[in-house]
$ cat final_24.cif   # mmCIF, C-alpha atoms
data_coords
#
loop_
_atom_site.group_PDB
_atom_site.id
_atom_site.type_symbol
_atom_site.label_atom_id
_atom_site.label_comp_id
_atom_site.auth_asym_id
_atom_site.auth_seq_id
_atom_site.Cartn_x
_atom_site.Cartn_y
_atom_site.Cartn_z
ATOM 1 C CA MET A 1 -40.340 -3.535 -10.537
ATOM 2 C CA ALA A 2 -38.044 -6.344 -11.589
ATOM 3 C CA GLY A 3 -38.594 -9.683 -9.921
ATOM 4 C CA THR A 4 -42.153 -9.037 -8.690
ATOM 5 C CA ASP A 5 -45.726 -9.271 -9.820
ATOM 6 C CA ALA A 6 -49.018 -8.095 -8.362
ATOM 7 C CA THR A 7 -48.903 -10.680 -5.565
ATOM 8 C CA GLY A 8 -45.231 -10.461 -4.591
ATOM 9 C CA PRO A 9 -41.846 -11.827 -5.673
ATOM 10 C CA VAL A 10 -41.825 -14.097 -8.701
ATOM 11 C CA PRO A 11 -40.598 -17.557 -7.618
ATOM 12 C CA VAL A 12 -36.945 -18.278 -8.422
ATOM 13 C CA ARG A 13 -35.760 -21.846 -8.809
ATOM 14 C CA ARG A 14 -32.685 -22.612 -6.712
ATOM 15 C CA GLN A 15 -29.615 -23.025 -8.921
ATOM 16 C CA ILE A 16 -26.393 -24.202 -7.301
ATOM 17 C CA TRP A 17 -23.790 -25.981 -9.399
ATOM 18 C CA GLY A 18 -20.750 -27.898 -8.254
ATOM 19 C CA ARG A 19 -20.077 -29.379 -4.853
ATOM 20 C CA ARG A 20 -21.353 -27.716 -1.676
ATOM 21 C CA GLN A 21 -18.612 -29.102 0.538
ATOM 22 C CA GLY A 22 -14.953 -29.958 -0.001
ATOM 23 C CA PRO A 23 -12.888 -32.743 1.558
ATOM 24 C CA GLY A 24 -11.163 -30.289 3.882
ATOM 25 C CA LEU A 25 -14.139 -29.498 6.131
ATOM 26 C CA LYS A 26 -12.810 -30.879 9.406
ATOM 27 C CA PRO A 27 -15.048 -32.209 12.196
ATOM 28 C CA ALA A 28 -14.299 -29.203 14.413
ATOM 29 C CA ARG A 29 -15.365 -26.788 11.688
ATOM 30 C CA ARG A 30 -18.472 -28.866 10.986
ATOM 31 C CA LEU A 31 -19.333 -28.716 14.698
ATOM 32 C CA LEU A 32 -18.870 -24.937 14.663
ATOM 33 C CA LEU A 33 -21.222 -24.676 11.703
ATOM 34 C CA ASP A 34 -23.810 -26.811 13.438
ATOM 35 C CA GLU A 35 -23.610 -24.767 16.633
ATOM 36 C CA ARG A 36 -23.145 -21.186 15.396
ATOM 37 C CA LEU A 37 -24.564 -20.930 11.872
ATOM 38 C CA PRO A 38 -28.236 -21.135 12.985
ATOM 39 C CA ALA A 39 -27.859 -17.844 14.894
ATOM 40 C CA LEU A 40 -26.232 -16.149 11.894
ATOM 41 C CA ARG A 41 -28.287 -17.706 9.149
ATOM 42 C CA ILE A 42 -30.633 -15.626 7.023
ATOM 43 C CA THR A 43 -34.040 -17.273 6.914
ATOM 44 C CA LEU A 44 -35.909 -16.412 3.737
ATOM 45 C CA PRO A 45 -39.624 -15.698 4.008
ATOM 46 C CA GLU A 46 -42.003 -17.987 2.161
ATOM 47 C CA GLN A 47 -44.076 -14.937 1.252
ATOM 48 C CA GLY A 48 -43.477 -11.208 1.245
ATOM 49 C CA GLN A 49 -40.186 -9.365 1.587
ATOM 50 C CA LEU A 50 -37.252 -9.526 3.968
ATOM 51 C CA ASP A 51 -36.413 -6.355 5.870
ATOM 52 C CA PRO A 52 -32.634 -6.420 6.479
ATOM 53 C CA ALA A 53 -33.116 -4.508 9.730
ATOM 54 C CA ALA A 54 -35.085 -7.441 11.134
ATOM 55 C CA LEU A 55 -32.002 -9.666 10.920
ATOM 56 C CA PHE A 56 -30.037 -7.757 13.560
ATOM 57 C CA PHE A 57 -30.462 -7.247 17.293
ATOM 58 C CA ARG A 58 -29.500 -3.573 17.223
ATOM 59 C CA PRO A 59 -30.211 -0.668 14.853
ATOM 60 C CA MET A 60 -27.887 -0.411 11.860
ATOM 61 C CA GLN A 61 -27.138 2.715 9.852
ATOM 62 C CA GLY A 62 -27.279 0.835 6.569
ATOM 63 C CA PHE A 63 -26.782 -2.537 4.939
ATOM 64 C CA ARG A 64 -24.373 -4.134 2.495
ATOM 65 C CA LEU A 65 -24.456 -7.422 0.612
ATOM 66 C CA GLU A 66 -21.530 -9.547 -0.552
ATOM 67 C CA ILE A 67 -22.406 -12.282 -3.034
ATOM 68 C CA GLY A 68 -20.002 -15.229 -3.156
ATOM 69 C CA PHE A 69 -17.794 -14.203 -0.231
ATOM 70 C CA GLY A 70 -15.464 -17.215 -0.641
ATOM 71 C CA GLY A 71 -13.341 -17.498 2.483
ATOM 72 C CA GLY A 72 -14.887 -14.341 3.938
ATOM 73 C CA GLU A 73 -11.697 -12.245 4.077
ATOM 74 C CA HIS A 74 -13.243 -9.190 2.427
ATOM 75 C CA LEU A 75 -16.574 -9.381 4.244
ATOM 76 C CA ALA A 76 -15.001 -9.861 7.674
ATOM 77 C CA ALA A 77 -12.641 -6.916 7.157
ATOM 78 C CA GLN A 78 -15.497 -4.671 6.023
ATOM 79 C CA ALA A 79 -17.661 -5.721 8.978
ATOM 80 C CA LYS A 80 -14.815 -4.921 11.363
ATOM 81 C CA ALA A 81 -14.201 -1.527 9.739
ATOM 82 C CA HIS A 82 -17.903 -0.613 9.780
ATOM 83 C CA PRO A 83 -19.600 -1.844 12.962
ATOM 84 C CA GLU A 84 -22.420 0.628 12.298
ATOM 85 C CA LEU A 85 -23.479 -1.314 9.174
ATOM 86 C CA GLY A 86 -25.202 -4.670 8.808
ATOM 87 C CA PHE A 87 -23.537 -7.103 6.384
ATOM 88 C CA LEU A 88 -25.346 -9.836 4.482
ATOM 89 C CA GLY A 89 -23.096 -12.516 2.993
ATOM 90 C CA VAL A 90 -24.051 -15.237 0.522
ATOM 91 C CA GLU A 91 -21.901 -18.281 -0.200
ATOM 92 C CA PRO A 92 -23.176 -21.770 -1.116
ATOM 93 C CA PHE A 93 -19.821 -23.526 -0.499
ATOM 94 C CA LEU A 94 -19.813 -24.669 3.120
ATOM 95 C CA ASP A 95 -16.042 -24.604 3.518
ATOM 96 C CA GLY A 96 -16.102 -20.842 2.918
ATOM 97 C CA VAL A 97 -19.113 -20.416 5.174
ATOM 98 C CA GLY A 98 -17.228 -22.261 7.902
ATOM 99 C CA LYS A 99 -14.256 -19.906 7.585
ATOM 100 C CA LEU A 100 -16.450 -16.840 7.941
ATOM 101 C CA VAL A 101 -18.409 -18.304 10.863
ATOM 102 C CA ALA A 102 -15.099 -19.007 12.619
ATOM 103 C CA GLU A 103 -13.962 -15.425 12.025
ATOM 104 C CA VAL A 104 -17.270 -13.991 13.270
ATOM 105 C CA GLU A 105 -17.060 -16.183 16.371
ATOM 106 C CA ALA A 106 -13.434 -15.230 17.096
ATOM 107 C CA ALA A 107 -13.965 -11.497 16.564
ATOM 108 C CA GLY A 108 -17.363 -11.312 18.208
ATOM 109 C CA PHE A 109 -19.040 -9.573 15.263
ATOM 110 C CA ASP A 110 -22.760 -8.926 15.712
ATOM 111 C CA ASN A 111 -23.248 -7.244 12.328
ATOM 112 C CA VAL A 112 -22.892 -10.231 9.967
ATOM 113 C CA ARG A 113 -25.622 -12.531 8.690
ATOM 114 C CA ILE A 114 -25.102 -15.413 6.249
ATOM 115 C CA LEU A 115 -27.098 -17.224 3.576
ATOM 116 C CA PRO A 116 -25.432 -20.506 2.504
ATOM 117 C CA ASP A 117 -27.530 -20.743 -0.641
ATOM 118 C CA ASP A 118 -28.308 -19.285 -4.060
ATOM 119 C CA ALA A 119 -27.944 -15.479 -3.950
ATOM 120 C CA ARG A 120 -30.864 -14.989 -6.317
ATOM 121 C CA LEU A 121 -33.217 -16.342 -3.655
ATOM 122 C CA LEU A 122 -32.191 -13.478 -1.373
ATOM 123 C CA LEU A 123 -32.251 -10.813 -4.079
ATOM 124 C CA ARG A 124 -35.840 -11.594 -4.990
ATOM 125 C CA VAL A 125 -37.129 -10.953 -1.438
ATOM 126 C CA LEU A 126 -35.119 -7.822 -0.604
ATOM 127 C CA PRO A 127 -37.100 -4.564 -0.778
ATOM 128 C CA ASP A 128 -36.325 -1.800 -3.243
ATOM 129 C CA ARG A 129 -33.580 0.609 -2.219
ATOM 130 C CA CYS A 130 -32.471 -1.158 0.950
ATOM 131 C CA LEU A 131 -28.724 -1.687 0.372
ATOM 132 C CA GLN A 132 -25.878 0.799 0.362
ATOM 133 C CA ARG A 133 -23.521 -1.489 -1.512
ATOM 134 C CA ILE A 134 -23.258 -4.866 -3.201
ATOM 135 C CA ASP A 135 -19.912 -6.595 -3.770
ATOM 136 C CA VAL A 136 -19.477 -9.496 -6.194
ATOM 137 C CA LEU A 137 -15.746 -10.214 -6.132
ATOM 138 C CA PHE A 138 -14.111 -12.856 -8.311
ATOM 139 C CA PRO A 139 -17.165 -15.071 -8.778
ATOM 140 C CA ASP A 140 -16.835 -18.439 -10.489
ATOM 141 C CA PRO A 141 -16.292 -17.548 -14.188
ATOM 142 C CA TRP A 142 -17.787 -20.765 -15.595
ATOM 143 C CA PRO A 143 -15.496 -20.379 -18.627
ATOM 144 C CA LYS A 144 -17.073 -22.946 -20.953
ATOM 145 C CA PRO A 145 -19.658 -21.308 -23.238
ATOM 146 C CA ARG A 146 -22.293 -23.886 -22.360
ATOM 147 C CA HIS A 147 -21.905 -22.919 -18.697
ATOM 148 C CA HIS A 148 -22.128 -19.129 -19.132
ATOM 149 C CA LYS A 149 -25.759 -19.262 -18.025
ATOM 150 C CA ARG A 150 -24.479 -20.249 -14.574
ATOM 151 C CA ARG A 151 -22.643 -16.958 -14.039
ATOM 152 C CA ILE A 152 -24.119 -15.065 -11.102
ATOM 153 C CA VAL A 153 -23.545 -11.714 -12.814
ATOM 154 C CA ASN A 154 -25.829 -11.589 -15.835
ATOM 155 C CA ARG A 155 -28.590 -9.574 -17.486
ATOM 156 C CA GLN A 156 -31.205 -11.070 -15.176
ATOM 157 C CA THR A 157 -29.461 -10.647 -11.816
ATOM 158 C CA VAL A 158 -27.888 -7.211 -12.286
ATOM 159 C CA PRO A 159 -31.267 -5.425 -12.582
ATOM 160 C CA GLU A 160 -32.291 -7.120 -9.333
ATOM 161 C CA MET A 161 -29.086 -5.885 -7.700
ATOM 162 C CA ALA A 162 -29.718 -2.368 -8.991
ATOM 163 C CA ARG A 163 -33.291 -2.471 -7.717
ATOM 164 C CA THR A 164 -32.108 -3.119 -4.150
ATOM 165 C CA LEU A 165 -29.573 -0.259 -4.084
ATOM 166 C CA VAL A 166 -30.376 3.089 -2.518
ATOM 167 C CA PRO A 167 -29.805 6.185 -4.695
ATOM 168 C CA ALA A 168 -26.020 6.670 -4.902
ATOM 169 C CA GLY A 169 -25.618 3.085 -3.681
ATOM 170 C CA GLU A 170 -22.755 1.185 -5.264
ATOM 171 C CA LEU A 171 -22.368 -2.095 -7.131
ATOM 172 C CA ARG A 172 -18.789 -3.401 -7.178
ATOM 173 C CA LEU A 173 -17.761 -6.213 -9.505
ATOM 174 C CA ALA A 174 -14.333 -7.809 -9.858
ATOM 175 C CA THR A 175 -12.914 -10.595 -12.001
ATOM 176 C CA ASP A 176 -9.583 -11.769 -13.375
ATOM 177 C CA ILE A 177 -11.137 -13.384 -16.463
ATOM 178 C CA VAL A 178 -11.221 -11.112 -19.526
ATOM 179 C CA ASP A 179 -14.300 -12.735 -21.018
ATOM 180 C CA TYR A 180 -16.198 -12.413 -17.745
ATOM 181 C CA ALA A 181 -15.145 -8.763 -17.462
ATOM 182 C CA ARG A 182 -16.772 -8.089 -20.826
ATOM 183 C CA TRP A 183 -19.813 -10.092 -19.724
ATOM 184 C CA MET A 184 -20.111 -8.076 -16.509
ATOM 185 C CA LEU A 185 -19.882 -4.781 -18.358
ATOM 186 C CA ASP A 186 -22.489 -5.902 -20.853
ATOM 187 C CA ALA A 187 -24.933 -6.786 -18.071
ATOM 188 C CA ALA A 188 -24.330 -3.659 -16.006
ATOM 189 C CA LEU A 189 -24.329 -1.161 -18.877
ATOM 190 C CA ALA A 190 -27.602 -2.643 -20.127
ATOM 191 C CA THR A 191 -29.268 -2.022 -16.747
ATOM 192 C CA PRO A 192 -31.210 1.250 -16.409
ATOM 193 C CA GLY A 193 -30.363 3.055 -13.210
ATOM 194 C CA LEU A 194 -26.686 2.069 -13.069
ATOM 195 C CA VAL A 195 -23.938 4.535 -13.954
ATOM 196 C CA TRP A 196 -20.361 3.354 -14.516
ATOM 197 C CA THR A 197 -18.011 5.586 -12.526
ATOM 198 C CA ALA A 198 -14.865 4.978 -14.630
ATOM 199 C CA GLU A 199 -13.204 8.004 -16.203
ATOM 200 C CA ARG A 200 -9.762 6.556 -16.961
ATOM 201 C CA ALA A 201 -8.167 3.123 -17.380
ATOM 202 C CA SER A 202 -6.836 3.039 -13.832
ATOM 203 C CA ASP A 203 -10.413 3.252 -12.563
ATOM 204 C CA TRP A 204 -10.920 -0.393 -13.499
ATOM 205 C CA THR A 205 -7.370 -1.723 -13.197
ATOM 206 C CA VAL A 206 -6.762 -0.496 -9.636
ATOM 207 C CA ALA A 207 -8.800 -1.741 -6.694
ATOM 208 C CA PRO A 208 -10.926 0.732 -4.697
ATOM 209 C CA PRO A 209 -9.123 2.223 -1.674
ATOM 210 C CA ASP A 210 -11.012 0.121 0.879
ATOM 211 C CA HIS A 211 -10.777 -3.123 -1.082
ATOM 212 C CA VAL A 212 -9.466 -6.148 0.821
ATOM 213 C CA ARG A 213 -7.477 -8.648 -1.223
ATOM 214 C CA THR A 214 -9.074 -12.090 -1.327
ATOM 215 C CA ARG A 215 -7.465 -15.503 -1.739
ATOM 216 C CA TYR A 216 -8.967 -15.762 -5.229
ATOM 217 C CA GLN A 217 -7.430 -12.454 -6.233
ATOM 218 C CA ALA A 218 -4.071 -13.561 -4.829
ATOM 219 C CA LYS A 219 -4.266 -16.808 -6.793
ATOM 220 C CA ALA A 220 -5.063 -14.923 -10.003
ATOM 221 C CA GLU A 221 -2.129 -12.569 -9.529
ATOM 222 C CA ARG A 222 0.249 -15.472 -8.798
ATOM 223 C CA GLU A 223 -0.861 -17.053 -12.060
ATOM 224 C CA GLY A 224 -0.279 -13.833 -14.009
ATOM 225 C CA ARG A 225 -3.885 -12.665 -14.465
ATOM 226 C CA SER A 226 -4.701 -8.995 -13.904
ATOM 227 C CA PRO A 227 -7.943 -8.269 -12.043
ATOM 228 C CA ALA A 228 -10.501 -5.776 -13.299
ATOM 229 C CA PHE A 229 -12.561 -3.745 -10.813
ATOM 230 C CA PHE A 230 -15.843 -2.164 -11.881
ATOM 231 C CA ARG A 231 -17.831 0.329 -9.823
ATOM 232 C CA PHE A 232 -21.382 1.363 -10.692
ATOM 233 C CA VAL A 233 -23.551 3.890 -8.866
ATOM 234 C CA ARG A 234 -27.317 3.740 -8.653
ATOM 235 C CA ASP A 235 -29.030 6.887 -9.913
ATOM 236 C CA SER A 236 -32.294 8.223 -8.529
ATOM 237 C CA GLN A 237 -34.525 6.760 -11.258
ATOM 238 C CA PRO A 238 -36.593 3.599 -10.722
ATOM 239 C CA VAL A 239 -35.134 0.406 -12.199
ATOM 240 C CA SER A 240 -37.598 -1.298 -14.496
#
$ encode --input "final_24.cif" --output "structure tokens"
Amino acid sequence: MAGTDATGPVPVRRQIWGRRQGPGLKPARRLLLDERLPALRITLPEQGQLDPAALFFRPMQGFRLEIGFGGGEHLAAQAKAHPELGFLGVEPFLDGVGKLVAEVEAAGFDNVRILPDDARLLLRVLPDRCLQRIDVLFPDPWPKPRHHKRRIVNRQTVPEMARTLVPAGELRLATDIVDYARWMLDAALATPGLVWTAERASDWTVAPPDHVRTRYQAKAEREGRSPAFFRFVRDSQPVS
């Protein structure tokens, strides 16, 4: 099983690049983070695995993960549409975390939990076949070649994502950067257990029916870049 050895998860060194907080985090939002984030925060175990069900106060019918939720528009809309599911969101940038915490507080969601940290730290402690879906929408493309190793979607992380998906679970990737689209496809197509669902060009140029447009997607479209949407389904075979 990827990411583990005989004694448990292989340690992953935290890797967060760029600033964690922007100049626009106002005192009121900082206070909200201080008061409300502790109740929503995902605490990672020092040893062993993290059962997603243990994060919520009521039974959930399944679990989804969004990596790099930005301002939280997509995650909040999905959580509202599916109160029967538990949503795990990862975002290291505190301004985005603050936006989602404010939305959760205003809407009264009880099915959202947040990790303001490196997503790989969460992936390594999640059990096999525990997630119905993973969304990675418009992640930082790190366009300079020397920074490509910083991309969250890569040949090391995608097998870990696949490992955590239930059979027929879905991995959704989106980007507006052509080079990153190729990079994503390379990583996903090289991962045993993932099947690309595309049958025609529109399957990756048109967003899925339940997709919620994010601010990053809107910015890309304003600047003339066309997003690509990739959907992969987990088959029933173990991911090595």
$ closest_residue --input "final_24.cif" --among "A:Asn111, A:Thr191, A:Thr214, A:Thr43" --to "Gly71 of chain A" --atoms "only C-alpha atoms"
A:Thr214
$ atom_distance --input "final_24.cif" --atom1 "atom CA of Glu91 of chain A" --atom2 "atom CA of Leu37 of chain A"
12.6 Å
$ residues_around --input "final_24.cif" --residues "segment 117-131 of chain A" --least-positions-apart "6" --cutoff "6 Å" --atoms "all atoms listed in the file" --output "number ranges by chain"
A: 3, 49-50, 63-64, 90, 92, 163-166
$ resolve_selection --input "final_24.cif" --expression "the PyMOL selection byres ((chain A and resi 172) around 12)" --output "ChimeraX atom specification"
/A:64-67,132-139,153,158,161-162,165,169-171,173-175,184-185,188,194-198,203-204,207-208,210-211,228-234
$ resolve_selection --input "final_24.cif" --expression "the PyMOL selection byres ((chain A and resi 104) around 10)" --output "list in words"
Arg36, Leu40, Gly72, Ala76, Ala79, Lys80, Gly98, Lys99, Leu100, Val101, Ala102, Glu103, Glu105, Ala106, Ala107, Gly108, Phe109, Asp110, Asn111, Val112 and Arg113 of chain A
$ write_last_selection --input "final_24.cif" --atoms "C-alpha atoms" --output "PDB file, in the frame of the given file"
ATOM      1  CA  ARG A  36     -23.145 -21.186  15.396  1.00  0.00           C
ATOM      2  CA  LEU A  40     -26.232 -16.149  11.894  1.00  0.00           C
ATOM      3  CA  GLY A  72     -14.887 -14.341   3.938  1.00  0.00           C
ATOM      4  CA  ALA A  76     -15.001  -9.861   7.674  1.00  0.00           C
ATOM      5  CA  ALA A  79     -17.661  -5.721   8.978  1.00  0.00           C
ATOM      6  CA  LYS A  80     -14.815  -4.921  11.363  1.00  0.00           C
ATOM      7  CA  GLY A  98     -17.228 -22.261   7.902  1.00  0.00           C
ATOM      8  CA  LYS A  99     -14.256 -19.906   7.585  1.00  0.00           C
ATOM      9  CA  LEU A 100     -16.450 -16.840   7.941  1.00  0.00           C
ATOM     10  CA  VAL A 101     -18.409 -18.304  10.863  1.00  0.00           C
ATOM     11  CA  ALA A 102     -15.099 -19.007  12.619  1.00  0.00           C
ATOM     12  CA  GLU A 103     -13.962 -15.425  12.025  1.00  0.00           C
ATOM     13  CA  GLU A 105     -17.060 -16.183  16.371  1.00  0.00           C
ATOM     14  CA  ALA A 106     -13.434 -15.230  17.096  1.00  0.00           C
ATOM     15  CA  ALA A 107     -13.965 -11.497  16.564  1.00  0.00           C
ATOM     16  CA  GLY A 108     -17.363 -11.312  18.208  1.00  0.00           C
ATOM     17  CA  PHE A 109     -19.040  -9.573  15.263  1.00  0.00           C
ATOM     18  CA  ASP A 110     -22.760  -8.926  15.712  1.00  0.00           C
ATOM     19  CA  ASN A 111     -23.248  -7.244  12.328  1.00  0.00           C
ATOM     20  CA  VAL A 112     -22.892 -10.231   9.967  1.00  0.00           C
ATOM     21  CA  ARG A 113     -25.622 -12.531   8.690  1.00  0.00           C
TER      22      ARG A 113
END
$ axis_aligned_box --input "final_24.cif" --around "segment 123-129 of chain A" --padding-each-side "6 Å" --output "AutoDock Vina command-line options"
--center_x -34.7 --center_y -5.5 --center_z -2.8 --size_x 16.9 --size_y 24.2 --size_z 16.4
$ closest_residue --input "final_24.cif" --among "A:Ala53, A:Ala39, A:Val97, A:Ala220" --to "Val178 of chain A" --atoms "all atoms listed in the file"
A:Ala220
$ resolve_selection --input "final_24.cif" --expression "the PyMOL selection byres ((chain A and resi 176) around 6)" --output "PyMOL selection string"
chain A and resi 175+177+225-227
$ closest_residue --input "final_24.cif" --among "A:Asp179, A:Asp235, A:Glu199, A:Asp95" --to "Pro143 of chain A" --atoms "all atoms listed in the file"
A:Asp179
$ closest_residue --input "final_24.cif" --among "A:Ala28, A:Leu44, A:Leu94, A:Ile152" --to "Gly70 of chain A" --atoms "only C-alpha atoms"
A:Leu94
$ closest_residue --input "final_24.cif" --among "A:Glu46, A:Ala187, A:Trp142, A:Arg58" --to "Thr157 of chain A" --atoms "only C-alpha atoms"
A:Ala187
$ closest_residue --input "final_24.cif" --among "A:Tyr180, A:Pro116, A:Glu221, A:Gln78" --to "Leu33 of chain A" --atoms "all atoms listed in the file"
A:Pro116
$ atom_distance --input "final_24.cif" --atom1 "atom CA of Lys149 of chain A" --atom2 "atom CA of Ala190 of chain A"
16.9 Å
$ residues_near_point --input "final_24.cif" --point "(-23.0, -0.9, 9.0)" --cutoff "7 Å" --atoms "only C-alpha atoms" --output "PyMOL selection string"
chain A and resi 60-63+82-87
$ atom_distance --input "final_24.cif" --atom1 "atom CA of Lys219 of chain A" --atom2 "atom CA of Arg182 of chain A"
20.7 Å
$ build_atoms --input "final_24.cif" --residues "segment 146-154 of chain A" --atoms "all heavy atoms" --output "JSON list (two decimals), in the coordinates of the input"
[["chain", "number", "residue", "atom", "x", "y", "z"],
["A", 146, "ARG", "N", -21.02, -23.25, -22.74],
["A", 146, "ARG", "CA", -22.29, -23.89, -22.36],
["A", 146, "ARG", "C", -22.65, -23.66, -20.89],
["A", 146, "ARG", "O", -23.79, -23.90, -20.47],
["A", 146, "ARG", "CB", -22.26, -25.38, -22.66],
["A", 146, "ARG", "CG", -21.33, -26.21, -21.78],
["A", 146, "ARG", "CD", -21.47, -27.70, -22.11],
["A", 146, "ARG", "NE", -20.67, -28.55, -21.25],
["A", 146, "ARG", "CZ", -19.41, -28.89, -21.48],
["A", 146, "ARG", "NH1", -18.79, -28.43, -22.57],
["A", 146, "ARG", "NH2", -18.76, -29.68, -20.65],
["A", 147, "HIS", "N", -21.67, -23.18, -20.11],
["A", 147, "HIS", "CA", -21.90, -22.92, -18.70],
["A", 147, "HIS", "C", -22.08, -21.43, -18.39],
["A", 147, "HIS", "O", -22.28, -21.07, -17.21],
["A", 147, "HIS", "CB", -20.74, -23.46, -17.86],
["A", 147, "HIS", "CG", -20.66, -24.95, -17.84],
["A", 147, "HIS", "ND1", -19.49, -25.63, -17.55],
["A", 147, "HIS", "CD2", -21.60, -25.90, -18.06],
["A", 147, "HIS", "CE1", -19.71, -26.94, -17.60],
["A", 147, "HIS", "NE2", -20.99, -27.12, -17.92],
["A", 148, "HIS", "N", -22.01, -20.57, -19.39],
["A", 148, "HIS", "CA", -22.13, -19.13, -19.13],
["A", 148, "HIS", "C", -23.43, -18.78, -18.42],
["A", 148, "HIS", "O", -23.49, -17.80, -17.65],
["A", 148, "HIS", "CB", -22.01, -18.34, -20.44],
["A", 148, "HIS", "CG", -20.61, -18.26, -20.94],
["A", 148, "HIS", "ND1", -20.27, -17.60, -22.11],
["A", 148, "HIS", "CD2", -19.44, -18.76, -20.45],
["A", 148, "HIS", "CE1", -18.96, -17.70, -22.31],
["A", 148, "HIS", "NE2", -18.44, -18.40, -21.31],
["A", 149, "LYS", "N", -24.47, -19.54, -18.67],
["A", 149, "LYS", "CA", -25.76, -19.26, -18.02],
["A", 149, "LYS", "C", -25.69, -19.42, -16.51],
["A", 149, "LYS", "O", -26.58, -18.97, -15.79],
["A", 149, "LYS", "CB", -26.83, -20.19, -18.59],
["A", 149, "LYS", "CG", -26.57, -21.66, -18.32],
["A", 149, "LYS", "CD", -27.62, -22.55, -18.98],
["A", 149, "LYS", "CE", -27.32, -24.04, -18.73],
["A", 149, "LYS", "NZ", -28.32, -24.91, -19.40],
["A", 150, "ARG", "N", -24.64, -20.06, -16.02],
["A", 150, "ARG", "CA", -24.48, -20.25, -14.57],
["A", 150, "ARG", "C", -23.85, -19.04, -13.89],
["A", 150, "ARG", "O", -23.82, -18.99, -12.65],
["A", 150, "ARG", "CB", -23.63, -21.49, -14.30],
["A", 150, "ARG", "CG", -24.19, -22.78, -14.87],
["A", 150, "ARG", "CD", -23.29, -23.96, -14.53],
["A", 150, "ARG", "NE", -23.83, -25.21, -15.06],
["A", 150, "ARG", "CZ", -23.27, -26.41, -14.87],
["A", 150, "ARG", "NH1", -22.15, -26.49, -14.17],
["A", 150, "ARG", "NH2", -23.82, -27.49, -15.38],
["A", 151, "ARG", "N", -23.32, -18.11, -14.63],
["A", 151, "ARG", "CA", -22.64, -16.96, -14.04],
["A", 151, "ARG", "C", -23.63, -16.13, -13.22],
["A", 151, "ARG", "O", -24.71, -15.79, -13.68],
["A", 151, "ARG", "CB", -22.02, -16.10, -15.14],
["A", 151, "ARG", "CG", -20.84, -16.77, -15.81],
["A", 151, "ARG", "CD", -20.33, -15.97, -17.00],
["A", 151, "ARG", "NE", -19.04, -16.49, -17.46],
["A", 151, "ARG", "CZ", -18.39, -16.03, -18.53],
["A", 151, "ARG", "NH1", -18.92, -15.05, -19.26],
["A", 151, "ARG", "NH2", -17.23, -16.55, -18.86],
["A", 152, "ILE", "N", -23.22, -15.78, -12.00],
["A", 152, "ILE", "CA", -24.12, -15.06, -11.10],
["A", 152, "ILE", "C", -24.34, -13.62, -11.56],
["A", 152, "ILE", "O", -25.38, -13.03, -11.27],
["A", 152, "ILE", "CB", -23.60, -15.11, -9.64],
["A", 152, "ILE", "CG1", -24.65, -14.55, -8.68],
["A", 152, "ILE", "CG2", -22.27, -14.37, -9.51],
["A", 152, "ILE", "CD1", -25.97, -15.27, -8.68],
["A", 153, "VAL", "N", -23.37, -13.06, -12.25],
["A", 153, "VAL", "CA", -23.54, -11.71, -12.81],
["A", 153, "VAL", "C", -24.03, -11.88, -14.24],
["A", 153, "VAL", "O", -23.31, -12.38, -15.10],
["A", 153, "VAL", "CB", -22.23, -10.91, -12.79],
["A", 153, "VAL", "CG1", -22.43, -9.54, -13.41],
["A", 153, "VAL", "CG2", -21.70, -10.78, -11.36],
["A", 154, "ASN", "N", -25.26, -11.45, -14.50],
["A", 154, "ASN", "CA", -25.83, -11.59, -15.84],
["A", 154, "ASN", "C", -26.94, -10.57, -16.03],
["A", 154, "ASN", "O", -27.23, -9.77, -15.13],
["A", 154, "ASN", "CB", -26.34, -13.02, -16.06],
["A", 154, "ASN", "CG", -27.37, -13.45, -15.05],
["A", 154, "ASN", "OD1", -28.40, -12.79, -14.87],
["A", 154, "ASN", "ND2", -27.12, -14.56, -14.35]]
